[in-house]
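Below is one structure, written out as structure tokens, with a few remarks after it.
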Amino acid sequence: MWLDLANADYVRSTLNFAGCQILLRVDRDVIAEDGTVELSESRYFVTSLNPDRVNADDLLAHVRGHWQIENSQFFVKDRWWDEDRHWTRRPGVSEWFAQLTSAALTVHRAFSPPSEPLRASADAVQWTPLIGLEMLGLA
């Protein structure tokens, strides 16, 4: 991880990132079982956290927390349910669709058997909607 406090003022004043206190870069390597690097990437972050009250480990925990949400919520909605591909010109419909898929994901997490993968539960409901009604106590 790389931290930059010196250029935060430039980013705050010249680039209009109000509140910018710390710039950071997190490098990530995905390593295969045989030891070869399959993927190497860098991600950049801007934070308004006070540099006197946070250390590198705290920042890394924030970044990991962000990606935990990204991977558990948005990845599922984008990849499994292809949410980004659905669009409409009617105002408000996209927001309602996003809320509906979030609610469906919450129901699946809450009522799916712990031994069954989330994707398997979602697929079962897709093929047999009665299972979804039973999850909700409506059948």
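Going by the structure tokens order, chains are called A, B, ..., each with residues numbered from 1, while ligands are numbered from 1 in the order shown.
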At a cut-off of 10 Å, using only C-alpha atoms, what residues contact stretch 98-100 of chain A? Leave out same-chain residues fewer than 6 positions from it and give the result as a PDB file with C-alpha atoms, in the first residue's frame.
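Saved file part38.pdb follows:
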```pdb
ATOM      1  CA  LYS A  77     -26.531  -8.193  -8.622  1.00  0.00           C
ATOM      2  CA  GLU A  83     -28.653  -5.643 -13.281  1.00  0.00           C
ATOM      3  CA  ASP A  84     -26.442  -3.163 -15.162  1.00  0.00           C
ATOM      4  CA  HIS A  86     -31.402  -3.438 -17.602  1.00  0.00           C
ATOM      5  CA  THR A 106     -31.585 -10.072   1.335  1.00  0.00           C
TER       6      THR A 106
END
```
Quick check for you: according to DSSP on this backbone, which residues of stretch 32-107 of chain A are classed as strand (DSSP E)? Reply as an NGL selection string.
:A and (37-47)
Using only C-alpha atoms, the shortest atom-to-atom distance to A:Phe111 among A:Thr47, A:Glu134, A:Val76, A:Ile31 belongs to A:Glu134
Exercise for the section: May I have all residues of stretch 97-139 of chain A that DSSP, computed from the backbone, assigns to alpha helix (DSSP H), given as number ranges by chain? Expected result: A: 97-111, 118-127, 129-135
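Across A:Ala61, A:Ser102, A:Val37, A:Phe45, the tightest approach to A:Phe74 is made by A:Ser102 when counting only C-alpha atoms.
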Restricting the calculation to only C-alpha atoms, which member of A:Asp123, A:Asp52, A:Glu33, A:Asp9 is positioned closest to A:Trp81?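 Looking at the shortest contact to A:Trp81, the residue is A:Asp123.
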re atom CA of A:Ala110 and atom CA of A:Leu136: distance 10.1 Å
Of A:Ser48, A:Val63, A:Arg28, A:Leu39, the one nearest to A:Val11 when counting only C-alpha atoms is A:Ser48
Query raised in the report: What is the distance, in Å and to one decimal place, between atom CA of A:Leu3 and atom CA of A:Phe17?
Result: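 Interatomic distance here is 16.7 Å.
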Judged by only C-alpha atoms, the minimum distance to A:Asp57 among A:Gly92, A:Met1, A:Leu138, A:Thr128 is found for A:Met1
Neighbouring residues of A:Arg43 were defined as those with any atom within 12 Å, considering only C-alpha atoms; residues of the same chain fewer than 2 positions away were excluded. Please report them as a PDB file with N, CA and C atoms, in the first residue's frame.
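Saved as around_30.pdb:
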```pdb
ATOM      1  N   MET A   1       0.848  -1.166   0.000  1.00  0.00           N
ATOM      2  CA  MET A   1       0.000   0.000   0.000  1.00  0.00           C
ATOM      3  C   MET A   1       0.899   1.235   0.000  1.00  0.00           C
ATOM      4  N   TRP A   2       0.448   2.268  -0.707  1.00  0.00           N
ATOM      5  CA  TRP A   2       1.187   3.507  -0.850  1.00  0.00           C
ATOM      6  C   TRP A   2       0.292   4.641  -0.375  1.00  0.00           C
ATOM      7  N   LEU A  23      -4.332  10.311   0.025  1.00  0.00           N
ATOM      8  CA  LEU A  23      -4.417   9.558  -1.222  1.00  0.00           C
ATOM      9  C   LEU A  23      -3.742   8.215  -0.965  1.00  0.00           C
ATOM     10  N   LEU A  24      -4.324   7.149  -1.449  1.00  0.00           N
ATOM     11  CA  LEU A  24      -3.665   5.870  -1.271  1.00  0.00           C
ATOM     12  C   LEU A  24      -3.836   4.980  -2.483  1.00  0.00           C
ATOM     13  N   ARG A  25      -2.858   4.119  -2.658  1.00  0.00           N
ATOM     14  CA  ARG A  25      -2.881   3.127  -3.727  1.00  0.00           C
ATOM     15  C   ARG A  25      -2.703   1.765  -3.068  1.00  0.00           C
ATOM     16  N   VAL A  26      -3.553   0.832  -3.463  1.00  0.00           N
ATOM     17  CA  VAL A  26      -3.460  -0.533  -2.954  1.00  0.00           C
ATOM     18  C   VAL A  26      -3.155  -1.433  -4.142  1.00  0.00           C
ATOM     19  N   ASP A  27      -2.051  -2.163  -4.048  1.00  0.00           N
ATOM     20  CA  ASP A  27      -1.661  -3.108  -5.100  1.00  0.00           C
ATOM     21  C   ASP A  27      -2.127  -4.496  -4.694  1.00  0.00           C
ATOM     22  N   ARG A  28      -2.614  -5.249  -5.690  1.00  0.00           N
ATOM     23  CA  ARG A  28      -3.129  -6.582  -5.415  1.00  0.00           C
ATOM     24  C   ARG A  28      -2.615  -7.536  -6.474  1.00  0.00           C
ATOM     25  N   ASP A  29      -2.152  -8.698  -6.034  1.00  0.00           N
ATOM     26  CA  ASP A  29      -1.743  -9.771  -6.937  1.00  0.00           C
ATOM     27  C   ASP A  29      -2.597 -10.989  -6.648  1.00  0.00           C
ATOM     28  N   SER A  40      -2.435  -8.754 -11.685  1.00  0.00           N
ATOM     29  CA  SER A  40      -1.788  -7.734 -10.875  1.00  0.00           C
ATOM     30  C   SER A  40      -2.476  -6.413 -11.185  1.00  0.00           C
ATOM     31  N   GLU A  41      -2.974  -5.741 -10.149  1.00  0.00           N
ATOM     32  CA  GLU A  41      -3.696  -4.489 -10.381  1.00  0.00           C
ATOM     33  C   GLU A  41      -3.460  -3.518  -9.236  1.00  0.00           C
ATOM     34  N   PHE A  45      -7.491   5.339  -4.082  1.00  0.00           N
ATOM     35  CA  PHE A  45      -8.548   5.803  -3.195  1.00  0.00           C
ATOM     36  C   PHE A  45      -8.225   7.202  -2.690  1.00  0.00           C
ATOM     37  N   VAL A  46      -9.285   7.961  -2.416  1.00  0.00           N
ATOM     38  CA  VAL A  46      -9.185   9.278  -1.789  1.00  0.00           C
ATOM     39  C   VAL A  46     -10.034   9.203  -0.534  1.00  0.00           C
ATOM     40  N   LEU A  60      -6.209   0.103   5.313  1.00  0.00           N
ATOM     41  CA  LEU A  60      -6.361  -1.164   4.605  1.00  0.00           C
ATOM     42  C   LEU A  60      -7.645  -1.866   5.040  1.00  0.00           C
ATOM     43  N   VAL A  63     -10.489  -0.244   3.180  1.00  0.00           N
ATOM     44  CA  VAL A  63     -10.516  -0.676   1.783  1.00  0.00           C
ATOM     45  C   VAL A  63     -11.094  -2.085   1.681  1.00  0.00           C
ATOM     46  N   ARG A  64     -10.655  -2.978   2.546  1.00  0.00           N
ATOM     47  CA  ARG A  64     -11.182  -4.349   2.517  1.00  0.00           C
ATOM     48  C   ARG A  64     -12.672  -4.371   2.844  1.00  0.00           C
ATOM     49  N   TRP A  67     -14.559  -3.443  -0.272  1.00  0.00           N
ATOM     50  CA  TRP A  67     -14.626  -4.513  -1.268  1.00  0.00           C
ATOM     51  C   TRP A  67     -15.453  -5.683  -0.786  1.00  0.00           C
TER      52      TRP A  67
END
```
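Using only C-alpha atoms, the shortest contact distance between A:Arg53 and any of A:Glu38, A:Val93, A:Gln21, A:Asn71 is found at A:Gln21.
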